[in-house]
$ cat start36.cif   # mmCIF, C-alpha atoms
data_structure
loop_
_atom_site.label_atom_id
_atom_site.label_comp_id
_atom_site.auth_asym_id
_atom_site.auth_seq_id
_atom_site.Cartn_x
_atom_site.Cartn_y
_atom_site.Cartn_z
CA MET T 30 66.53 104.36 124.41
CA TYR T 31 65.57 100.69 124.10
CA ILE T 32 66.18 100.01 127.79
CA ALA T 33 65.09 103.47 128.98
CA GLN T 34 61.63 103.14 127.46
CA ALA T 35 60.86 100.63 130.24
CA PHE T 36 60.63 103.70 132.49
CA ASN T 37 57.33 104.41 130.70
CA VAL T 38 55.74 101.31 132.24
CA LEU T 39 55.50 99.85 135.73
CA HIS T 40 59.13 98.99 136.44
CA ASP T 41 59.49 98.29 140.17
CA TRP T 42 62.20 95.69 140.81
CA TRP T 43 59.79 93.31 142.52
CA ARG T 44 57.59 93.20 139.43
CA TYR T 45 60.46 91.73 137.44
CA LEU T 46 61.14 89.21 140.21
CA VAL T 47 57.52 88.09 140.26
CA GLY T 48 57.50 88.10 136.47
CA VAL T 49 60.50 85.77 136.33
CA LEU T 50 58.78 83.42 138.79
CA LEU T 51 55.69 83.38 136.57
CA ILE T 52 57.82 82.62 133.51
CA VAL T 53 59.64 79.78 135.30
CA PHE T 54 56.27 78.37 136.38
CA ALA T 55 55.00 78.55 132.80
CA VAL T 56 58.06 76.66 131.52
CA ILE T 57 57.58 73.97 134.17
CA ILE T 58 53.93 73.58 133.15
CA GLY T 59 55.06 73.31 129.53
CA GLN T 60 57.52 70.55 130.44
CA ILE T 61 54.86 68.29 131.95
CA PRO T 62 53.81 66.62 128.64
CA PHE T 63 57.46 65.80 127.81
CA THR T 64 58.11 64.44 131.31
CA VAL T 65 54.96 62.29 131.25
CA ALA T 66 55.77 60.94 127.78
CA VAL T 67 59.33 60.02 128.80
CA MET T 68 58.15 58.31 131.98
CA MET T 69 55.47 56.33 130.14
CA LYS T 70 57.96 55.22 127.50
CA ALA T 71 60.51 54.27 130.17
CA VAL T 72 57.95 52.18 132.06
CA LYS T 73 56.88 50.50 128.82
CA ASP T 74 60.50 49.63 127.99
CA ASP T 75 61.20 48.54 131.59
CA MET T 76 63.72 51.34 132.14
CA ASN T 77 64.42 53.35 135.30
CA VAL T 78 63.77 56.95 134.33
CA PHE T 79 65.59 58.22 137.43
CA GLU T 80 68.82 56.60 136.27
CA MET T 81 68.65 58.08 132.76
CA ASP T 82 71.06 60.87 131.83
CA GLU T 83 70.16 63.85 129.65
CA THR T 84 71.22 62.14 126.43
CA ALA T 85 69.11 59.06 127.17
CA MET T 86 66.04 61.16 127.95
CA MET T 87 66.43 63.05 124.68
CA SER T 88 66.62 59.84 122.64
CA ILE T 89 63.98 57.62 124.24
CA LEU T 90 61.09 59.10 122.23
CA GLU T 91 60.56 59.17 118.47
CA PRO T 92 62.58 62.21 117.25
CA ASN T 93 59.67 64.27 115.92
CA LEU T 94 57.58 63.64 119.04
CA ASN T 95 60.59 64.43 121.20
CA LEU T 96 61.21 67.70 119.36
CA PHE T 97 57.56 68.75 119.56
CA LEU T 98 57.24 68.06 123.28
CA MET T 99 60.59 69.67 124.06
CA LEU T 100 59.74 72.85 122.13
CA LEU T 101 56.26 72.99 123.65
CA SER T 102 57.69 74.10 127.00
CA PHE T 103 59.31 77.11 125.33
CA ALA T 104 56.04 78.05 123.63
CA VAL T 105 54.27 78.00 127.00
CA GLY T 106 57.18 79.98 128.45
CA LEU T 107 56.73 82.63 125.75
CA VAL T 108 53.09 82.97 126.79
CA GLY T 109 54.35 83.44 130.35
CA VAL T 110 56.66 86.27 129.22
CA PHE T 111 53.84 88.04 127.41
CA LEU T 112 51.51 87.65 130.40
CA ALA T 113 54.14 89.12 132.74
CA VAL T 114 54.74 92.02 130.37
CA LYS T 115 51.05 92.78 129.97
CA PHE T 116 49.72 92.32 133.49
CA PHE T 117 52.70 93.08 135.76
CA HIS T 118 54.14 95.98 133.78
CA LYS T 119 51.26 97.24 131.61
CA GLN T 120 53.71 97.12 128.71
CA THR T 121 53.06 96.48 125.03
CA ILE T 122 54.77 93.76 123.01
CA VAL T 123 56.13 96.44 120.68
CA SER T 124 57.89 98.36 123.48
CA ILE T 125 59.63 95.26 124.83
CA THR T 126 60.65 94.32 121.28
CA THR T 127 61.96 97.57 119.88
CA SER T 128 62.38 101.30 120.40
CA ARG T 129 60.88 101.89 116.96
CA PRO T 130 57.17 102.85 116.60
CA LYS T 131 56.43 99.34 115.34
CA ILE T 132 58.30 96.05 114.98
CA ASP T 133 60.61 96.19 111.95
CA TRP T 134 59.94 92.88 110.21
CA SER T 135 62.43 93.69 107.46
CA ARG T 136 65.19 93.52 110.08
CA ILE T 137 63.94 90.16 111.35
CA TRP T 138 63.81 88.71 107.82
CA PHE T 139 67.19 90.13 106.84
CA ALA T 140 68.93 88.57 109.85
CA PHE T 141 67.03 85.31 109.34
CA ILE T 142 67.87 84.94 105.66
CA PHE T 143 71.43 86.23 106.06
CA TRP T 144 72.36 83.87 108.89
CA GLY T 145 70.36 81.02 107.38
CA ILE T 146 72.53 81.19 104.28
CA ILE T 147 75.77 81.56 106.26
CA SER T 148 75.05 78.76 108.75
CA SER T 149 73.89 76.42 105.99
CA GLY T 150 77.06 77.26 104.10
CA PHE T 151 79.20 76.26 107.09
CA ILE T 152 77.41 72.91 107.32
CA ALA T 153 77.87 72.34 103.57
CA LEU T 154 81.56 73.29 103.84
CA ASP T 155 82.13 70.90 106.74
CA TYR T 156 80.37 68.12 104.82
CA TYR T 157 82.57 68.81 101.78
CA MET T 158 85.76 68.83 103.87
CA ALA T 159 84.93 65.75 105.97
CA PRO T 160 82.19 63.67 104.31
CA GLU T 161 83.22 60.68 106.39
CA ASP T 162 81.83 62.48 109.44
CA TYR T 163 78.28 62.35 108.05
CA VAL T 164 75.70 59.83 106.92
CA TYR T 165 72.64 60.49 104.79
CA ASN T 166 69.66 60.60 107.15
CA PHE T 167 66.85 61.82 104.86
CA LYS T 168 63.44 60.11 104.97
CA LEU T 169 60.68 62.01 103.19
CA MET T 170 57.66 61.67 105.51
CA PRO T 171 59.54 62.09 108.83
CA PHE T 172 61.39 65.06 107.30
CA LEU T 173 58.15 66.73 106.18
CA ILE T 174 56.72 66.30 109.68
CA LEU T 175 59.97 67.71 111.07
CA CYS T 176 59.62 70.74 108.78
CA LEU T 177 56.09 71.39 110.03
CA ILE T 178 57.10 71.12 113.69
CA ALA T 179 60.32 73.10 113.28
CA VAL T 180 58.89 75.96 111.21
CA ILE T 181 56.15 76.54 113.79
CA PHE T 182 57.85 75.79 117.09
CA VAL T 183 61.56 76.60 116.67
CA PRO T 184 60.83 80.34 116.18
CA LEU T 185 58.65 80.17 119.31
CA GLN T 186 61.54 78.58 121.21
CA THR T 187 64.08 81.16 120.07
CA SER T 188 61.62 84.02 120.54
CA PHE T 189 61.04 82.89 124.13
CA GLU T 190 64.77 83.05 124.82
CA GLU T 191 65.11 86.44 123.13
CA TYR T 192 62.09 88.00 124.82
CA LEU T 193 63.25 86.68 128.18
CA PHE T 194 66.95 87.60 127.98
CA ARG T 195 67.33 90.40 125.42
CA GLY T 196 63.89 91.84 126.18
CA TYR T 197 62.43 91.35 129.65
CA LEU T 198 65.65 90.93 131.64
CA MET T 199 67.68 93.38 129.53
CA GLN T 200 65.16 96.15 130.20
CA GLY T 201 64.42 95.10 133.77
CA ILE T 202 68.03 94.85 134.96
CA GLY T 203 68.85 98.00 133.00
CA VAL T 204 66.24 100.23 134.63
CA VAL T 205 67.07 98.84 138.08
CA THR T 206 70.89 99.15 137.87
CA LYS T 207 70.96 102.19 135.52
CA TYR T 208 73.96 100.82 133.59
CA LYS T 209 73.74 99.14 130.17
CA TRP T 210 76.76 96.88 130.57
CA ILE T 211 75.30 95.15 133.61
CA PRO T 212 72.27 93.65 131.80
CA LEU T 213 74.44 92.97 128.74
CA ILE T 214 76.93 90.88 130.72
CA SER T 215 74.51 89.31 133.20
CA THR T 216 71.97 88.17 130.60
CA SER T 217 74.77 86.71 128.47
CA LEU T 218 76.13 84.74 131.42
CA VAL T 219 72.72 83.44 132.49
CA PHE T 220 71.85 82.59 128.88
CA GLY T 221 75.02 80.55 128.60
CA LEU T 222 74.72 78.89 132.00
CA LEU T 223 71.16 77.74 131.29
CA HIS T 224 72.61 75.62 128.47
CA ILE T 225 74.91 73.81 130.89
CA ALA T 226 72.49 70.86 131.14
CA ASN T 227 72.51 70.32 127.36
CA PRO T 228 73.82 66.92 126.22
CA GLU T 229 76.47 68.74 124.18
CA ILE T 230 78.17 69.89 127.39
CA GLU T 231 78.42 66.30 128.60
CA GLN T 232 80.11 65.29 125.35
CA LEU T 233 82.23 68.33 124.49
CA GLY T 234 83.02 69.62 127.96
CA TYR T 235 82.65 73.02 129.58
CA VAL T 236 84.72 74.66 126.85
CA LEU T 237 81.44 74.79 124.90
CA MET T 238 80.23 77.39 127.40
CA VAL T 239 82.49 79.83 125.53
CA TYR T 240 80.19 79.40 122.53
CA TYR T 241 76.94 79.71 124.49
CA ILE T 242 78.01 82.76 126.52
CA GLY T 243 79.65 84.30 123.44
CA THR T 244 76.44 83.83 121.47
CA GLY T 245 74.45 85.48 124.26
CA LEU T 246 76.88 88.40 124.29
CA PHE T 247 76.65 88.76 120.51
CA LEU T 248 72.84 88.79 120.61
CA GLY T 249 72.90 91.32 123.45
CA ILE T 250 75.27 93.61 121.56
CA ILE T 251 73.16 93.67 118.40
CA THR T 252 70.06 94.34 120.51
CA LEU T 253 71.60 97.35 122.27
CA MET T 254 73.33 98.73 119.18
CA ASP T 255 70.20 98.42 117.03
CA GLU T 256 67.90 99.68 119.82
CA GLY T 257 65.66 96.65 119.40
CA MET T 258 65.47 92.87 119.32
CA GLU T 259 64.55 92.36 115.67
CA LEU T 260 68.00 91.30 114.44
CA ALA T 261 68.45 88.97 117.41
CA LEU T 262 65.04 87.39 116.79
CA GLY T 263 65.82 86.67 113.15
CA PHE T 264 69.37 85.49 113.77
CA HIS T 265 68.49 83.12 116.60
CA ALA T 266 65.53 81.61 114.73
CA ALA T 267 67.67 80.93 111.65
CA ASN T 268 70.48 79.45 113.73
CA ASN T 269 68.27 76.84 115.39
CA LEU T 270 65.88 76.17 112.51
CA PHE T 271 68.43 75.48 109.79
CA THR T 272 70.51 73.36 112.16
CA ALA T 273 67.47 71.27 113.12
CA LEU T 274 66.59 70.68 109.46
CA LEU T 275 70.07 70.04 108.09
CA VAL T 276 72.07 68.06 110.64
CA THR T 277 71.63 66.07 113.85
CA ALA T 278 73.72 63.86 116.11
CA ASP T 279 73.08 61.32 118.83
CA TRP T 280 74.52 63.65 121.48
CA THR T 281 72.77 66.96 120.70
CA ALA T 282 69.76 68.59 122.36
CA PHE T 283 67.98 68.63 118.98
CA GLN T 284 67.83 65.05 117.70
CA THR T 285 65.81 65.23 114.51
CA HIS T 286 64.96 63.53 111.22
CA SER T 287 67.35 65.95 109.52
CA ILE T 288 68.96 65.54 106.11
CA LEU T 289 72.37 64.62 107.55
CA LYS T 290 73.55 62.91 110.71
CA ASP T 291 76.90 63.80 112.24
CA ILE T 292 78.67 60.59 113.30
CA SER T 293 82.00 62.18 114.20
CA LYS T 294 83.35 61.83 117.72
CA PRO T 295 82.14 64.86 119.71
CA GLU T 296 85.48 65.22 121.47
CA THR T 297 87.06 66.13 118.11
CA ALA T 298 85.16 69.42 118.07
CA GLY T 299 87.54 72.27 118.66
CA PHE T 300 88.41 75.62 117.18
CA PHE T 301 86.03 75.39 114.22
CA ASP T 302 82.97 74.57 116.35
CA VAL T 303 83.58 76.61 119.51
CA PHE T 304 86.03 79.46 119.04
CA MET T 305 85.71 80.40 115.37
CA PRO T 306 82.03 81.46 115.60
CA VAL T 307 82.59 83.60 118.71
CA PHE T 308 85.92 85.24 117.88
CA ILE T 309 85.87 85.37 114.07
CA VAL T 310 82.39 84.89 112.57
CA PHE T 311 80.32 86.92 115.03
CA PRO T 312 82.62 89.99 114.85
CA ILE T 313 82.35 89.89 111.05
CA VAL T 314 78.55 89.68 111.29
CA LEU T 315 78.61 92.60 113.74
CA TYR T 316 80.61 94.62 111.23
CA ILE T 317 78.12 93.83 108.44
CA PHE T 318 75.12 94.74 110.60
CA ALA T 319 76.85 97.93 111.78
CA LYS T 320 77.54 99.04 108.21
CA LYS T 321 74.05 98.20 106.98
CA TYR T 322 72.24 99.93 109.83
CA LYS T 323 74.81 102.70 110.37
CA TRP T 324 75.48 102.03 114.04
CA THR T 325 77.40 104.72 115.91
CA ASN T 326 78.24 105.68 119.49
CA TRP T 327 79.18 102.13 120.51
CA LYS T 328 80.64 103.11 123.88
CA ASP T 329 77.50 104.82 125.14
CA LYS T 330 75.09 102.23 123.76
CA LEU T 331 76.97 99.33 125.34
CA PHE T 332 78.52 100.84 128.47
CA GLY T 333 76.67 104.10 129.11
CA ARG T 334 74.17 104.89 131.83
CA VAL T 335 70.46 104.23 131.44
CA ILE T 336 69.07 107.73 131.86
CA GLU T 337 65.62 108.05 133.38
CA PRO T 338 63.66 110.75 131.54
CA PRO T 339 62.39 113.70 133.59
CA LYS T 340 59.03 112.85 135.11
CA GLU T 341 57.28 115.49 133.01
CA ASP T 342 58.56 113.79 129.83
CA TYR T 343 56.75 110.53 130.41
CA LYS T 344 53.78 109.06 132.21
CA ILE T 345 53.84 105.62 133.79
CA LEU T 346 50.92 103.58 132.49
CA GLU T 347 48.52 102.51 135.21
#
$ encode --input "start36.cif" --output "C-alpha cells"
Amino acid sequence: MYIAQAFNVLHDWWRYLVGVLLIVFAVIIGQIPFTVAVMMKAVKDDMNVFEMDETAMMSILEPNLNLFLMLLSFAVGLVGVFLAVKFFHKQTIVSITTSRPKIDWSRIWFAFIFWGIISSGFIALDYYMAPEDYVYNFKLMPFLILCLIAVIFVPLQTSFEEYLFRGYLMQGIGVVTKYKWIPLISTSLVFGLLHIANPEIEQLGYVLMVYYIGTGLFLGIITLMDEGMELALGFHAANNLFTALLVTADWTAFQTHSILKDISKPETAGFFDVFMPVFIVFPIVLYIFAKKYKWTNWKDKLFGRVIEPPKEDYKILE
C-alpha cells in the first residue's frame, strides 16, 4: 500500500528522472558554501586544494564550521526532494512519508529513543572494553555549539536520505517496475554506493560497504513492512546524531567536538564494527519492531507485486 499509493499522483517515469536531476542540482547548490570555504582556507594556508584527499578536505576547517557546511547541502537537498514531490508529482508530504492518514510521530520517537539508547550503549561498552582506544575530547563551548548544529541539521541530513531513498525512489521505482523487491534492493545498493567516497572507506577498505548496503537494506525492510518511513526516519536520525555527539575520529566523515575521540587504528575495525550490526543487531531490531507493530505477510510486503488499483478506485491529482 505504501508504494501503491504513488499511483494516486502523477507517476510517469520521466517525472522521477527529472525529479532526481532537480534533487542532484539542489545538493550541488548546497555544497557551494562548503567548497568555497575549503578553497579559501586552502589558499590562506598555501595548500593546493586539488591535491587534497577526502580526509584532508574534511579536516581543514574548524570542526563545527565543517559540520554545519557539510550538513547544509543535505538540508538544501531535502528542499529539492519536497519541491520535486510537490510540483512534479502533485503529491503531499504525508503520502510520500506513510500510508497512514497522517505521519505517526510516536513511531519516529520510539525508533529514535530506542536506537539512541542502543547505539550509545555500544559506544559505552566499547569504551569500557578498550579505554586505551579513546581520549577525552570534551570542551564545553565547542560541544554546546555542536549540540545546536547537530540537533537541527543532522535530522535534516538523515531525513533527506530517507525521503530520497526510502520515499521518493522506493515509490518511484516501485510503481514503474511493479515489484517491491526491485526498489528495496536497488535503493539499498545506491544508498551504500553513495557512501563510497566517505573517508571511512579509504581507511577501512571496501568491506565497510557491507555495513552501508546492509543498513540501507534494513531501513528499506522496516519501511516496507511498516507501510511507512517513520521508523526509518527515527532510527537514522538517532544513529547519526548520537554518534556525532559522543565519538569522533580523524578519519571519519563526521569530525566533531564530541565527548570522546577514537584514536584506535582504523584497520583494526572488523567483526564488531562491520558485520555484527548487519547480521546480528539489525535482525534483532527487526524482530523487536515486528513484535511491537505486529508485522505479518513478510513475503508479499517485501517481494510481492505492486498492484495498481482499478482506475475507478482512484483519481490522479492534476
$ resolve_selection --input "start36.cif" --expression "the PyMOL selection byres ((chain T and resi 70-82) around 12)" --output "list in words"
Phe63, Thr64, Val65, Ala66, Val67, Met68, Met69, Glu83, Thr84, Ala85, Met86, Met87, Ser88, Ile89, Leu90, Glu91, Leu94, Asn95, Ala226, Asn227, Pro228, Glu231, Gln232 and Trp280 of chain T
$ atom_distance --input "start36.cif" --atom1 "CA of Pro306 in chain T" --atom2 "CA of Thr187 in chain T"
18.5 Å
$ atom_distance --input "start36.cif" --atom1 "CA of Trp144 in chain T" --atom2 "CA of Ala266 in chain T"
9.3 Å
$ closest_residue --input "start36.cif" --among "T:Leu260, T:Met238, T:Leu96, T:Ile214" --to "Leu177 in chain T" --atoms "all atoms listed in the file"
T:Leu96
$ closest_residue --input "start36.cif" --among "T:Ala273, T:Leu248, T:Ile230, T:Ile61" --to "Phe103 in chain T" --atoms "only C-alpha atoms"
T:Ile61
$ build_atoms --input "start36.cif" --residues "range 211-243 of chain T" --atoms "N, CA and C atoms" --output "JSON list (two decimals), in the frame of the given file"
[["chain", "number", "residue", "atom", "x", "y", "z"],
["T", 211, "ILE", "N", 75.69, 96.16, 132.62],
["T", 211, "ILE", "CA", 75.30, 95.15, 133.61],
["T", 211, "ILE", "C", 74.28, 94.17, 133.03],
["T", 212, "PRO", "N", 73.17, 94.63, 132.43],
["T", 212, "PRO", "CA", 72.27, 93.65, 131.80],
["T", 212, "PRO", "C", 72.90, 92.94, 130.61],
["T", 213, "LEU", "N", 73.78, 93.61, 129.88],
["T", 213, "LEU", "CA", 74.44, 92.97, 128.74],
["T", 213, "LEU", "C", 75.26, 91.77, 129.19],
["T", 214, "ILE", "N", 76.07, 91.96, 130.23],
["T", 214, "ILE", "CA", 76.93, 90.88, 130.72],
["T", 214, "ILE", "C", 76.13, 89.83, 131.47],
["T", 215, "SER", "N", 75.24, 90.27, 132.35],
["T", 215, "SER", "CA", 74.51, 89.31, 133.20],
["T", 215, "SER", "C", 73.57, 88.43, 132.39],
["T", 216, "THR", "N", 72.87, 89.00, 131.41],
["T", 216, "THR", "CA", 71.97, 88.17, 130.60],
["T", 216, "THR", "C", 72.75, 87.20, 129.72],
["T", 217, "SER", "N", 73.93, 87.60, 129.28],
["T", 217, "SER", "CA", 74.77, 86.71, 128.47],
["T", 217, "SER", "C", 75.25, 85.53, 129.30],
["T", 218, "LEU", "N", 75.66, 85.81, 130.54],
["T", 218, "LEU", "CA", 76.13, 84.74, 131.42],
["T", 218, "LEU", "C", 75.01, 83.77, 131.77],
["T", 219, "VAL", "N", 73.85, 84.31, 132.13],
["T", 219, "VAL", "CA", 72.72, 83.44, 132.49],
["T", 219, "VAL", "C", 72.27, 82.64, 131.28],
["T", 220, "PHE", "N", 72.22, 83.28, 130.11],
["T", 220, "PHE", "CA", 71.85, 82.59, 128.88],
["T", 220, "PHE", "C", 72.78, 81.41, 128.63],
["T", 221, "GLY", "N", 74.07, 81.63, 128.81],
["T", 221, "GLY", "CA", 75.02, 80.55, 128.60],
["T", 221, "GLY", "C", 74.90, 79.47, 129.65],
["T", 222, "LEU", "N", 74.77, 79.86, 130.91],
["T", 222, "LEU", "CA", 74.72, 78.89, 132.00],
["T", 222, "LEU", "C", 73.47, 78.02, 131.94],
["T", 223, "LEU", "N", 72.37, 78.54, 131.40],
["T", 223, "LEU", "CA", 71.16, 77.74, 131.29],
["T", 223, "LEU", "C", 71.30, 76.62, 130.26],
["T", 224, "HIS", "N", 72.34, 76.69, 129.42],
["T", 224, "HIS", "CA", 72.61, 75.62, 128.47],
["T", 224, "HIS", "C", 73.54, 74.55, 129.05],
["T", 225, "ILE", "N", 73.90, 74.71, 130.31],
["T", 225, "ILE", "CA", 74.91, 73.81, 130.89],
["T", 225, "ILE", "C", 74.40, 72.38, 131.02],
["T", 226, "ALA", "N", 73.07, 72.21, 131.03],
["T", 226, "ALA", "CA", 72.49, 70.86, 131.14],
["T", 226, "ALA", "C", 72.33, 70.19, 129.78],
["T", 227, "ASN", "N", 72.64, 70.91, 128.70],
["T", 227, "ASN", "CA", 72.51, 70.32, 127.36],
["T", 227, "ASN", "C", 73.42, 69.10, 127.21],
["T", 228, "PRO", "N", 72.98, 68.10, 126.45],
["T", 228, "PRO", "CA", 73.82, 66.92, 126.22],
["T", 228, "PRO", "C", 75.17, 67.26, 125.59],
["T", 229, "GLU", "N", 75.22, 68.36, 124.82],
["T", 229, "GLU", "CA", 76.47, 68.74, 124.18],
["T", 229, "GLU", "C", 77.57, 69.03, 125.20],
["T", 230, "ILE", "N", 77.18, 69.59, 126.35],
["T", 230, "ILE", "CA", 78.17, 69.89, 127.39],
["T", 230, "ILE", "C", 78.78, 68.60, 127.93],
["T", 231, "GLU", "N", 77.94, 67.59, 128.10],
["T", 231, "GLU", "CA", 78.42, 66.30, 128.60],
["T", 231, "GLU", "C", 79.44, 65.69, 127.65],
["T", 232, "GLN", "N", 79.24, 65.90, 126.34],
["T", 232, "GLN", "CA", 80.11, 65.29, 125.35],
["T", 232, "GLN", "C", 81.34, 66.14, 125.03],
["T", 233, "LEU", "N", 81.15, 67.45, 124.93],
["T", 233, "LEU", "CA", 82.23, 68.33, 124.49],
["T", 233, "LEU", "C", 82.99, 68.98, 125.65],
["T", 234, "GLY", "N", 82.36, 69.00, 126.83],
["T", 234, "GLY", "CA", 83.02, 69.62, 127.96],
["T", 234, "GLY", "C", 82.60, 71.07, 128.14],
["T", 235, "TYR", "N", 83.06, 71.66, 129.23],
["T", 235, "TYR", "CA", 82.65, 73.02, 129.58],
["T", 235, "TYR", "C", 83.25, 74.08, 128.67],
["T", 236, "VAL", "N", 84.18, 73.70, 127.80],
["T", 236, "VAL", "CA", 84.72, 74.66, 126.85],
["T", 236, "VAL", "C", 83.61, 75.18, 125.93],
["T", 237, "LEU", "N", 82.55, 74.37, 125.75],
["T", 237, "LEU", "CA", 81.44, 74.79, 124.90],
["T", 237, "LEU", "C", 80.69, 75.98, 125.49],
["T", 238, "MET", "N", 80.87, 76.23, 126.79],
["T", 238, "MET", "CA", 80.23, 77.39, 127.40],
["T", 238, "MET", "C", 80.74, 78.68, 126.78],
["T", 239, "VAL", "N", 81.96, 78.66, 126.24],
["T", 239, "VAL", "CA", 82.49, 79.83, 125.53],
["T", 239, "VAL", "C", 81.56, 80.19, 124.38],
["T", 240, "TYR", "N", 81.09, 79.16, 123.67],
["T", 240, "TYR", "CA", 80.19, 79.40, 122.53],
["T", 240, "TYR", "C", 78.84, 79.93, 123.01],
["T", 241, "TYR", "N", 78.26, 79.30, 124.02],
["T", 241, "TYR", "CA", 76.94, 79.71, 124.49],
["T", 241, "TYR", "C", 76.95, 81.13, 125.07],
["T", 242, "ILE", "N", 77.92, 81.42, 125.93],
["T", 242, "ILE", "CA", 78.01, 82.76, 126.52],
["T", 242, "ILE", "C", 78.37, 83.78, 125.45],
["T", 243, "GLY", "N", 79.28, 83.40, 124.54],
["T", 243, "GLY", "CA", 79.65, 84.30, 123.44],
["T", 243, "GLY", "C", 78.47, 84.61, 122.54]]
